[in-house]
Amino acid sequence: DELFRAVSLRARSSLDDFSAHDASTLCWAFGAAGFRDPELLLPLADQLISSGELRKLSPSLAGELLFGYAATGIFHEGLLLTMKETCIKGIWELETEDVATFAWCFAKLRYQDREQWMALRSYAERFMGRLRPREREVVRW
C-alpha cells in the first residue's frame, strides 16, 4: 500500500498531465491491486472527461480504465455514461474478453442502462460460442 499511496500523491499533483492511456494503466493497476483511492480516481475521471481525453481511448483500454473503478467500487456517473457510449459504439470491435470486462464492470457498479445491456446481450448472443466458460458466467451475471 505504501507504493500506491506514494503514486497517488504524485498523481494528484499532476492530473492535467495524464493522457487517457496513462490513466487507463494507472486505474487498471489500482484495481488489480485492490487499492481504493477515490481522492485520486474521482478527480481523475472529471479531468479525463473535461479534457476530452476519455473519448480518445480505444474500447479495449476504456474497459481497463473502467476495471480500476469497478474493482475498487468507485462509482462516477459521468465516467460510466462515457464508458457506456464507448462500449456501445465500439461493441463489434471488442474482443470477447473486453465484452466480459465491460459486463462485469457495469454489473459490479450496479450501473443499469437498457441500451448498454442490449448491446452486450446482442454481442453475447452472436458470439456465445466463442466465450470461455468463465466469460459466459460473467456475461450472464
# chains A, B, ... in the order shown; residues from 1 in each chain; ligands from 1
>>> residues_around(residues="Glu115 in chain A", least_positions_apart="6", cutoff="12 Å", atoms="only C-alpha atoms", output="PDB file with C-alpha atoms, in the first residue's frame")
ATOM      1  CA  LEU A  81     -22.008   7.347 -19.150  1.00  0.00           C
ATOM      2  CA  LYS A  84     -21.403   3.095 -21.891  1.00  0.00           C
ATOM      3  CA  GLU A  85     -21.211   5.182 -25.076  1.00  0.00           C
ATOM      4  CA  CYS A  87     -18.862   0.265 -25.303  1.00  0.00           C
ATOM      5  CA  ILE A  88     -21.989   0.602 -27.449  1.00  0.00           C
ATOM      6  CA  LYS A  89     -20.233   2.477 -30.258  1.00  0.00           C
ATOM      7  CA  ILE A  91     -19.143  -3.193 -29.452  1.00  0.00           C
ATOM      8  CA  ARG A 121     -26.581  -9.076 -24.999  1.00  0.00           C
ATOM      9  CA  SER A 122     -26.551  -8.731 -28.784  1.00  0.00           C
TER      10      SER A 122
END
>>> closest_atom_pairs(of="range 24-72 of chain A", to="range 100-106 of chain A", cutoff="8 Å", atoms="only C-alpha atoms", output="Markdown table")
| residue | atom | partner | partner_atom | distance |
| --- | --- | --- | --- | --- |
| A:Gly63 | CA | A:Phe102 | CA | 5.7 |
| A:Glu64 | CA | A:Thr101 | CA | 7.7 |
| A:Leu66 | CA | A:Cys105 | CA | 6.7 |
| A:Phe67 | CA | A:Cys105 | CA | 6.0 |
| A:Ala70 | CA | A:Cys105 | CA | 5.2 |
| A:Ala71 | CA | A:Cys105 | CA | 7.6 |
>>> closest_residue(among="A:Leu120, A:Leu40, A:Ala33, A:Leu109", to="Leu94 in chain A", atoms="only C-alpha atoms")
A:Leu120
>>> atom_distance(atom1="CA of Gly129 in chain A", atom2="CA of Leu65 in chain A")
26.9 Å
>>> closest_residue(among="A:Thr72, A:Thr96, A:Thr86, A:Ser58", to="Ala20 in chain A", atoms="only C-alpha atoms")
A:Ser58
>>> select_by_dssp(residues="range 10-136 of chain A", states="helix (DSSP H, G or I)", output="ChimeraX atom specification")
/A:10-12,15-17,20-33,38-51,53-56,59-71,77-89,91-93,96-108,114-130,133-136
>>> closest_residue(among="A:Tyr123, A:Ala107, A:Gly68, A:Ser51", to="Gly90 in chain A", atoms="only C-alpha atoms")
A:Tyr123
>>> closest_residue(among="A:Glu125, A:Asp46, A:Asp37, A:Glu135", to="Val7 in chain A", atoms="only C-alpha atoms")
A:Asp37
>>> closest_residue(among="A:Asp16, A:Gly78, A:Trp117, A:Asp98", to="Leu61 in chain A", atoms="only C-alpha atoms")
A:Asp98
